[in-house]
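This is coords27.cif. It holds mmCIF, C-alpha atoms; chains and numbers go by the auth columns.
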data_structure
#
loop_
_atom_site.group_PDB
_atom_site.id
_atom_site.type_symbol
_atom_site.label_atom_id
_atom_site.label_comp_id
_atom_site.label_asym_id
_atom_site.label_seq_id
_atom_site.Cartn_x
_atom_site.Cartn_y
_atom_site.Cartn_z
_atom_site.B_iso_or_equiv
_atom_site.auth_seq_id
_atom_site.auth_asym_id
ATOM 1 C CA MET A 1 101.408 48.345 201.344 0.00 338 A
ATOM 2 C CA MET A 2 99.975 50.841 198.861 0.00 339 A
ATOM 3 C CA ASP A 3 101.372 54.365 199.024 0.00 340 A
ATOM 4 C CA ASP A 4 98.258 56.086 200.362 0.00 341 A
ATOM 5 C CA GLU A 5 95.695 53.343 200.755 0.00 342 A
ATOM 6 C CA PRO A 6 92.970 53.435 199.455 0.00 343 A
ATOM 7 C CA GLY A 7 94.095 56.080 196.942 0.00 344 A
ATOM 8 C CA GLY A 8 97.072 53.983 195.902 0.00 345 A
ATOM 9 C CA LEU A 9 94.843 50.942 195.543 0.00 346 A
ATOM 10 C CA LEU A 10 92.431 52.880 193.335 0.00 347 A
ATOM 11 C CA ARG A 11 95.319 54.172 191.210 0.00 348 A
ATOM 12 C CA MET A 12 96.712 50.656 190.818 0.00 349 A
ATOM 13 C CA ILE A 13 93.427 49.026 189.771 0.00 350 A
ATOM 14 C CA VAL A 14 92.409 51.854 187.430 0.00 351 A
ATOM 15 C CA THR A 15 95.842 51.720 185.781 0.00 352 A
ATOM 16 C CA ALA A 16 95.566 47.935 185.379 0.00 353 A
ATOM 17 C CA LEU A 17 92.016 48.220 183.990 0.00 354 A
ATOM 18 C CA GLU A 18 93.027 50.950 181.542 0.00 355 A
ATOM 19 C CA THR A 19 96.124 48.995 180.433 0.00 356 A
ATOM 20 C CA ALA A 20 93.872 46.004 179.684 0.00 357 A
ATOM 21 C CA ALA A 21 91.348 48.367 177.970 0.00 358 A
ATOM 22 C CA ILE A 22 88.546 47.171 180.283 0.00 359 A
ATOM 23 C CA PRO A 23 85.556 49.523 180.588 0.00 360 A
ATOM 24 C CA HIS A 24 85.051 50.274 184.279 0.00 361 A
ATOM 25 C CA MET A 25 83.458 52.613 186.806 0.00 362 A
ATOM 26 C CA VAL A 26 83.566 53.205 190.542 0.00 363 A
ATOM 27 C CA VAL A 27 80.286 52.310 192.238 0.00 364 A
ATOM 28 C CA GLY A 28 79.155 51.584 195.802 0.00 365 A
ATOM 29 C CA SER A 29 80.080 53.667 198.818 0.00 366 A
ATOM 30 C CA PHE A 30 82.887 55.570 197.086 0.00 367 A
ATOM 31 C CA ALA A 31 80.422 56.668 194.371 0.00 368 A
ATOM 32 C CA SER A 32 77.734 57.571 196.902 0.00 369 A
ATOM 33 C CA THR A 33 80.298 59.540 198.920 0.00 370 A
ATOM 34 C CA ALA A 34 81.390 61.401 195.784 0.00 371 A
ATOM 35 C CA HIS A 35 77.758 62.341 195.054 0.00 372 A
ATOM 36 C CA GLY A 36 76.441 62.656 198.587 0.00 373 A
ATOM 37 C CA GLU A 37 77.533 62.435 202.193 0.00 374 A
ATOM 38 C CA PRO A 38 80.778 60.690 203.182 0.00 375 A
ATOM 39 C CA ARG A 39 80.964 57.416 205.034 0.00 376 A
ATOM 40 C CA THR A 40 83.760 55.025 205.866 0.00 377 A
ATOM 41 C CA THR A 41 84.315 51.656 204.251 0.00 378 A
ATOM 42 C CA ARG A 42 87.157 49.144 203.801 0.00 379 A
ATOM 43 C CA ASP A 43 86.274 48.065 200.287 0.00 380 A
ATOM 44 C CA LEU A 44 86.262 49.636 196.876 0.00 381 A
ATOM 45 C CA ASP A 45 83.592 48.567 194.369 0.00 382 A
ATOM 46 C CA LEU A 46 84.004 48.774 190.601 0.00 383 A
ATOM 47 C CA VAL A 47 81.822 47.521 187.783 0.00 384 A
ATOM 48 C CA ILE A 48 83.956 46.146 184.960 0.00 385 A
ATOM 49 C CA ASP A 49 83.063 44.885 181.484 0.00 386 A
ATOM 50 C CA PRO A 50 85.953 42.718 180.242 0.00 387 A
ATOM 51 C CA ARG A 51 86.277 40.188 177.473 0.00 388 A
ATOM 52 C CA PRO A 52 87.977 36.926 178.565 0.00 389 A
ATOM 53 C CA ASP A 53 91.365 37.980 177.131 0.00 390 A
ATOM 54 C CA GLN A 54 91.141 41.347 178.907 0.00 391 A
ATOM 55 C CA LEU A 55 90.278 39.652 182.201 0.00 392 A
ATOM 56 C CA ASN A 56 93.303 37.368 181.798 0.00 393 A
ATOM 57 C CA GLU A 57 95.495 40.408 181.181 0.00 394 A
ATOM 58 C CA LEU A 58 94.134 42.069 184.326 0.00 395 A
ATOM 59 C CA LEU A 59 94.702 38.935 186.412 0.00 396 A
ATOM 60 C CA GLY A 60 98.270 38.701 185.095 0.00 397 A
ATOM 61 C CA ALA A 61 98.920 42.305 186.131 0.00 398 A
ATOM 62 C CA LEU A 62 98.036 41.661 189.796 0.00 399 A
ATOM 63 C CA ASP A 63 101.221 40.821 191.708 0.00 400 A
ATOM 64 C CA ALA A 64 100.601 37.629 193.723 0.00 401 A
ATOM 65 C CA GLU A 65 102.942 38.939 196.457 0.00 402 A
ATOM 66 C CA GLN A 66 100.730 42.002 196.898 0.00 403 A
ATOM 67 C CA PHE A 67 97.213 40.778 196.025 0.00 404 A
ATOM 68 C CA TYR A 68 95.113 37.715 196.622 0.00 405 A
ATOM 69 C CA VAL A 69 92.754 36.838 193.782 0.00 406 A
ATOM 70 C CA ASP A 70 91.504 33.445 192.665 0.00 407 A
ATOM 71 C CA PRO A 71 91.742 33.407 188.845 0.00 408 A
ATOM 72 C CA ASP A 72 89.213 30.554 188.575 0.00 409 A
ATOM 73 C CA VAL A 73 86.677 32.495 190.644 0.00 410 A
ATOM 74 C CA ALA A 74 87.302 35.584 188.475 0.00 411 A
ATOM 75 C CA ARG A 75 86.788 33.635 185.230 0.00 412 A
ATOM 76 C CA ASP A 76 83.661 32.002 186.643 0.00 413 A
ATOM 77 C CA ALA A 77 82.368 35.448 187.634 0.00 414 A
ATOM 78 C CA LEU A 78 82.825 36.583 184.038 0.00 415 A
ATOM 79 C CA ARG A 79 80.885 33.573 182.750 0.00 416 A
ATOM 80 C CA ARG A 80 78.090 34.090 185.274 0.00 417 A
ATOM 81 C CA ARG A 81 78.251 37.921 185.127 0.00 418 A
ATOM 82 C CA SER A 82 78.649 38.117 188.886 0.00 419 A
ATOM 83 C CA MET A 83 81.576 39.410 190.950 0.00 420 A
ATOM 84 C CA PHE A 84 84.943 38.478 192.413 0.00 421 A
ATOM 85 C CA ASN A 85 87.292 39.945 194.994 0.00 422 A
ATOM 86 C CA VAL A 86 90.862 41.150 194.936 0.00 423 A
ATOM 87 C CA ILE A 87 92.374 41.599 198.405 0.00 424 A
ATOM 88 C CA GLU A 88 95.457 43.661 199.117 0.00 425 A
ATOM 89 C CA ILE A 89 97.395 41.375 201.440 0.00 426 A
ATOM 90 C CA ALA A 90 99.280 44.018 203.453 0.00 427 A
ATOM 91 C CA THR A 91 96.294 46.232 204.285 0.00 428 A
ATOM 92 C CA GLY A 92 93.241 43.977 203.994 0.00 429 A
ATOM 93 C CA TRP A 93 91.606 46.424 201.576 0.00 430 A
ATOM 94 C CA LYS A 94 89.178 44.600 199.322 0.00 431 A
ATOM 95 C CA LEU A 95 88.284 45.347 195.727 0.00 432 A
ATOM 96 C CA ASP A 96 84.872 44.052 194.687 0.00 433 A
ATOM 97 C CA LEU A 97 85.029 43.725 190.904 0.00 434 A
ATOM 98 C CA VAL A 98 81.479 43.338 189.626 0.00 435 A
ATOM 99 C CA ILE A 99 81.011 42.113 186.069 0.00 436 A
ATOM 100 C CA ARG A 100 78.515 44.369 184.285 0.00 437 A
ATOM 101 C CA LYS A 101 75.179 42.598 183.959 0.00 438 A
ATOM 102 C CA ALA A 102 73.679 42.121 180.496 0.00 439 A
ATOM 103 C CA ARG A 103 70.354 43.789 181.398 0.00 440 A
ATOM 104 C CA PRO A 104 69.249 47.168 179.978 0.00 441 A
ATOM 105 C CA PHE A 105 69.771 49.180 183.193 0.00 442 A
ATOM 106 C CA SER A 106 73.342 47.961 183.660 0.00 443 A
ATOM 107 C CA ILE A 107 74.199 48.664 180.023 0.00 444 A
ATOM 108 C CA GLU A 108 72.815 52.202 180.271 0.00 445 A
ATOM 109 C CA GLU A 109 74.479 52.745 183.662 0.00 446 A
ATOM 110 C CA MET A 110 77.890 51.949 182.129 0.00 447 A
ATOM 111 C CA GLN A 111 77.209 54.193 179.124 0.00 448 A
ATOM 112 C CA ARG A 112 76.259 57.104 181.415 0.00 449 A
ATOM 113 C CA ARG A 113 79.313 56.949 183.673 0.00 450 A
ATOM 114 C CA THR A 114 81.044 60.256 184.284 0.00 451 A
ATOM 115 C CA ILE A 115 84.513 61.307 185.341 0.00 452 A
ATOM 116 C CA THR A 116 84.524 62.157 189.054 0.00 453 A
ATOM 117 C CA ARG A 117 87.350 63.135 191.380 0.00 454 A
ATOM 118 C CA ILE A 118 87.752 60.365 193.973 0.00 455 A
ATOM 119 C CA LEU A 119 90.753 59.953 196.272 0.00 456 A
ATOM 120 C CA GLY A 120 92.719 62.553 194.353 0.00 457 A
ATOM 121 C CA MET A 121 92.204 61.151 190.875 0.00 458 A
ATOM 122 C CA ASN A 122 89.673 61.521 188.078 0.00 459 A
ATOM 123 C CA VAL A 123 87.990 58.171 187.508 0.00 460 A
ATOM 124 C CA PRO A 124 84.933 56.865 185.656 0.00 461 A
ATOM 125 C CA THR A 125 82.122 56.748 188.194 0.00 462 A
ATOM 126 C CA ALA A 126 78.450 55.820 188.162 0.00 463 A
ATOM 127 C CA THR A 127 76.268 58.932 187.984 0.00 464 A
ATOM 128 C CA ALA A 128 74.393 60.109 191.073 0.00 465 A
ATOM 129 C CA GLU A 129 71.128 58.813 189.588 0.00 466 A
ATOM 130 C CA ASP A 130 72.568 55.395 188.765 0.00 467 A
ATOM 131 C CA THR A 131 74.187 55.191 192.197 0.00 468 A
ATOM 132 C CA ILE A 132 70.773 55.836 193.762 0.00 469 A
ATOM 133 C CA ILE A 133 69.151 53.101 191.659 0.00 470 A
ATOM 134 C CA ALA A 134 71.913 50.590 192.440 0.00 471 A
ATOM 135 C CA LYS A 135 71.769 51.413 196.163 0.00 472 A
ATOM 136 C CA LEU A 136 67.993 50.887 196.118 0.00 473 A
ATOM 137 C CA GLU A 137 68.546 47.472 194.523 0.00 474 A
ATOM 138 C CA TRP A 138 71.015 46.524 197.252 0.00 475 A
ATOM 139 C CA ALA A 139 68.563 47.744 199.894 0.00 476 A
ATOM 140 C CA LYS A 140 65.845 45.575 198.331 0.00 477 A
ATOM 141 C CA LEU A 141 68.159 42.577 198.519 0.00 478 A
ATOM 142 C CA GLY A 142 68.455 43.246 202.239 0.00 479 A
ATOM 143 C CA ALA A 143 72.123 44.223 202.131 0.00 480 A
ATOM 144 C CA SER A 144 71.716 46.840 204.886 0.00 481 A
ATOM 145 C CA ASP A 145 70.059 50.080 205.919 0.00 482 A
ATOM 146 C CA ARG A 146 73.292 51.798 204.916 0.00 483 A
ATOM 147 C CA GLN A 147 72.154 51.588 201.302 0.00 484 A
ATOM 148 C CA LEU A 148 69.076 53.729 201.993 0.00 485 A
ATOM 149 C CA GLU A 149 71.191 56.083 204.112 0.00 486 A
ATOM 150 C CA ASP A 150 73.517 56.513 201.123 0.00 487 A
ATOM 151 C CA VAL A 151 70.516 57.286 198.888 0.00 488 A
ATOM 152 C CA MET A 152 69.272 59.868 201.372 0.00 489 A
ATOM 153 C CA GLY A 153 72.763 61.406 201.535 0.00 490 A
ATOM 154 C CA ILE A 154 72.780 61.861 197.763 0.00 491 A
ATOM 155 C CA LEU A 155 69.279 63.357 197.893 0.00 492 A
ATOM 156 C CA ARG A 156 70.329 65.832 200.595 0.00 493 A
ATOM 157 C CA VAL A 157 73.458 66.939 198.725 0.00 494 A
ATOM 158 C CA ARG A 158 72.414 66.692 195.065 0.00 495 A
ATOM 159 C CA GLY A 159 68.592 66.658 195.200 0.00 496 A
ATOM 160 C CA ALA A 160 67.941 69.718 193.049 0.00 497 A
ATOM 161 C CA ASP A 161 70.422 68.534 190.396 0.00 498 A
ATOM 162 C CA LEU A 162 69.097 64.999 189.950 0.00 499 A
ATOM 163 C CA ASP A 163 67.271 63.727 186.873 0.00 500 A
ATOM 164 C CA PHE A 164 64.148 62.462 188.670 0.00 501 A
ATOM 165 C CA ASP A 165 62.467 61.324 185.437 0.00 502 A
ATOM 166 C CA TYR A 166 65.399 58.993 184.746 0.00 503 A
ATOM 167 C CA ILE A 167 65.337 57.637 188.316 0.00 504 A
ATOM 168 C CA GLU A 168 61.532 57.162 188.216 0.00 505 A
ATOM 169 C CA ARG A 169 61.764 55.220 184.950 0.00 506 A
ATOM 170 C CA TRP A 170 64.255 52.723 186.351 0.00 507 A
ATOM 171 C CA VAL A 171 62.826 52.356 189.871 0.00 508 A
ATOM 172 C CA THR A 172 59.473 51.547 188.276 0.00 509 A
ATOM 173 C CA ASP A 173 61.027 49.095 185.822 0.00 510 A
ATOM 174 C CA LEU A 174 63.155 47.412 188.511 0.00 511 A
ATOM 175 C CA GLY A 175 60.444 47.221 191.181 0.00 512 A
ATOM 176 C CA LEU A 176 62.089 49.730 193.514 0.00 513 A
ATOM 177 C CA ALA A 177 59.342 52.355 193.686 0.00 514 A
ATOM 178 C CA GLU A 178 58.413 51.724 197.334 0.00 515 A
ATOM 179 C CA LEU A 179 62.000 52.009 198.551 0.00 516 A
ATOM 180 C CA TRP A 180 62.430 55.152 196.432 0.00 517 A
ATOM 181 C CA ARG A 181 59.309 56.692 198.015 0.00 518 A
ATOM 182 C CA ARG A 182 60.631 55.872 201.493 0.00 519 A
ATOM 183 C CA ALA A 183 64.036 57.411 200.776 0.00 520 A
ATOM 184 C CA ARG A 184 62.508 60.565 199.294 0.00 521 A
ATOM 185 C CA ALA A 185 60.137 60.969 202.241 0.00 522 A
ATOM 186 C CA ALA A 186 63.027 60.649 204.702 0.00 523 A
ATOM 187 C CA ALA A 187 65.305 63.067 202.821 0.00 524 A
ATOM 188 C CA PRO A 188 63.261 65.361 200.605 0.00 525 A
ATOM 189 C CA ALA A 189 65.182 66.909 197.720 0.00 526 A
#
How would this structure read if it were set down as structure tokens?
Amino acid sequence: MMDDEPGGLLRMIVTALETAAIPHMVVGSFASTAHGEPRTTRDLDLVIDPRPDQLNELLGALDAEQFYVDPDVARDALRRRSMFNVIEIATGWKLDLVIRKARPFSIEEMQRRTITRILGMNVPTATAEDTIIAKLEWAKLGASDRQLEDVMGILRVRGADLDFDYIERWVTDLGLAELWRRARAAAPA
């Protein structure tokens, strides 16, 4: 069991990613909580951008007694630029490790990451704007209404500080304008 799950889990994965020199950032509900309103979750999402040798180093650093991960699934995820899971056996906490996509938004999102305090440590995190855009994409895919609720939470907390021109550029480019309009109408900034 990690020392202060999920903080210990975050510390462990960030340490392993940094040791393997893998660019990474916290995304998902932990990022939206850092930028907006808190909500509970049992998984931790990170976007990573490894080379094959770095991924192998990361996989080798995960103790098989403590974590379940399928190395073949992880390597396939790297080839397909998708995602794979690491599960902490004792607690059931899940890490979703998402391979950075090769598209322009994902490249810029990784370049824009900022250091944010999450679970007692300073970690690379998607910006509030990029978290909004990613949450809108998940909402469009039908993941859940929670995605739009997370967007509205960020708007309520950070609305005046957001770069709306940046968000508008990407929601237009990615076909998310209608969802963006709905979220803004429900939680005006």
Residues selected by the PyMOL selection byres ((chain A and resi 449) around 12), written as an NGL selection string: :A and (361-362 or 442-448 or 450-452 or 461-468 or 503)
Point-to-point distance from CA of Ala476 (chain A) to CA of Leu516 (chain A), Å rounded to tenths: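 Distance reported for this atom pair: 7.9 Å.
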Within 8 Å of Ile436 (chain A) using only C-alpha atoms, minus same-chain residues under 2 positions, as a VMD selection string: chain A and resid 384 to 387 414 to 415 418 to 420 434 438
Contacts of region 351-358 of chain A at 10 Å (all atoms listed in the file; same-chain gap of 2+ positions) as a list in words: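 Residues near the query, excluding close chain neighbours: Gly345, Leu346, Leu347, Arg348, Met349, Pro360, His361, Met362, Val363, Leu383, Ile385, Asp386, Pro387, Arg388, Asp390, Gln391, Leu392, Asn393, Glu394, Leu395, Leu396, Gly397, Ala398, Leu399, Met458, Val460 and Pro461 of chain A.
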Keeping C-alpha atoms for every residue in the selection just given, could you write it to a file as a short mmCIF file (atom, residue, chain, number, x, y, z; two decimals), keeping the file's coordinate frame?
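File written: result.cif
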data_model
loop_
_atom_site.label_atom_id
_atom_site.label_comp_id
_atom_site.auth_asym_id
_atom_site.auth_seq_id
_atom_site.Cartn_x
_atom_site.Cartn_y
_atom_site.Cartn_z
CA GLY A 345 97.07 53.98 195.90
CA LEU A 346 94.84 50.94 195.54
CA LEU A 347 92.43 52.88 193.34
CA ARG A 348 95.32 54.17 191.21
CA MET A 349 96.71 50.66 190.82
CA PRO A 360 85.56 49.52 180.59
CA HIS A 361 85.05 50.27 184.28
CA MET A 362 83.46 52.61 186.81
CA VAL A 363 83.57 53.20 190.54
CA LEU A 383 84.00 48.77 190.60
CA ILE A 385 83.96 46.15 184.96
CA ASP A 386 83.06 44.88 181.48
CA PRO A 387 85.95 42.72 180.24
CA ARG A 388 86.28 40.19 177.47
CA ASP A 390 91.36 37.98 177.13
CA GLN A 391 91.14 41.35 178.91
CA LEU A 392 90.28 39.65 182.20
CA ASN A 393 93.30 37.37 181.80
CA GLU A 394 95.50 40.41 181.18
CA LEU A 395 94.13 42.07 184.33
CA LEU A 396 94.70 38.94 186.41
CA GLY A 397 98.27 38.70 185.10
CA ALA A 398 98.92 42.30 186.13
CA LEU A 399 98.04 41.66 189.80
CA MET A 458 92.20 61.15 190.88
CA VAL A 460 87.99 58.17 187.51
CA PRO A 461 84.93 56.86 185.66
#
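For the pair CA of Phe421 (chain A) and CA of Leu513 (chain A), the separation is 25.5 Å.
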Distance in Å - CA of Ala371 (chain A) versus CA of Asn459 (chain A):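 A separation of 11.3 Å between them.
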Output check: residues returned by the PyMOL selection byres ((chain A and resi 485) around 9), as a ChimeraX atom specification: /A:469,472-473,475-476,481-484,486-490,516-517,519-520
A:Ile504, A:Ile359, A:Val364, A:Val494 ranked by distance to Asp433 (chain A), top pick (using only C-alpha atoms):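 Selected residue with least distance to Asp433 (chain A): A:Val364.
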Just so the selection is clear, what residues does the PyMOL selection byres ((chain A and resi 376) around 9) cover here, as a PDB file with C-alpha atoms, keeping the file's coordinate frame?
ATOM      1  CA  SER A 366      80.080  53.667 198.818  1.00  0.00           C
ATOM      2  CA  PHE A 367      82.887  55.570 197.086  1.00  0.00           C
ATOM      3  CA  SER A 369      77.734  57.571 196.902  1.00  0.00           C
ATOM      4  CA  THR A 370      80.298  59.540 198.920  1.00  0.00           C
ATOM      5  CA  GLU A 374      77.533  62.435 202.193  1.00  0.00           C
ATOM      6  CA  PRO A 375      80.778  60.690 203.182  1.00  0.00           C
ATOM      7  CA  THR A 377      83.760  55.025 205.866  1.00  0.00           C
ATOM      8  CA  THR A 378      84.315  51.656 204.251  1.00  0.00           C
ATOM      9  CA  ASP A 487      73.517  56.513 201.123  1.00  0.00           C
TER      10      ASP A 487
END
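Of the residues under consideration (A:Ile426, A:Asp382, A:Gly373, A:Ile491), A:Ile426 shows the shortest atom-to-atom contact distance to Ala401 (chain A) when counting only C-alpha atoms.
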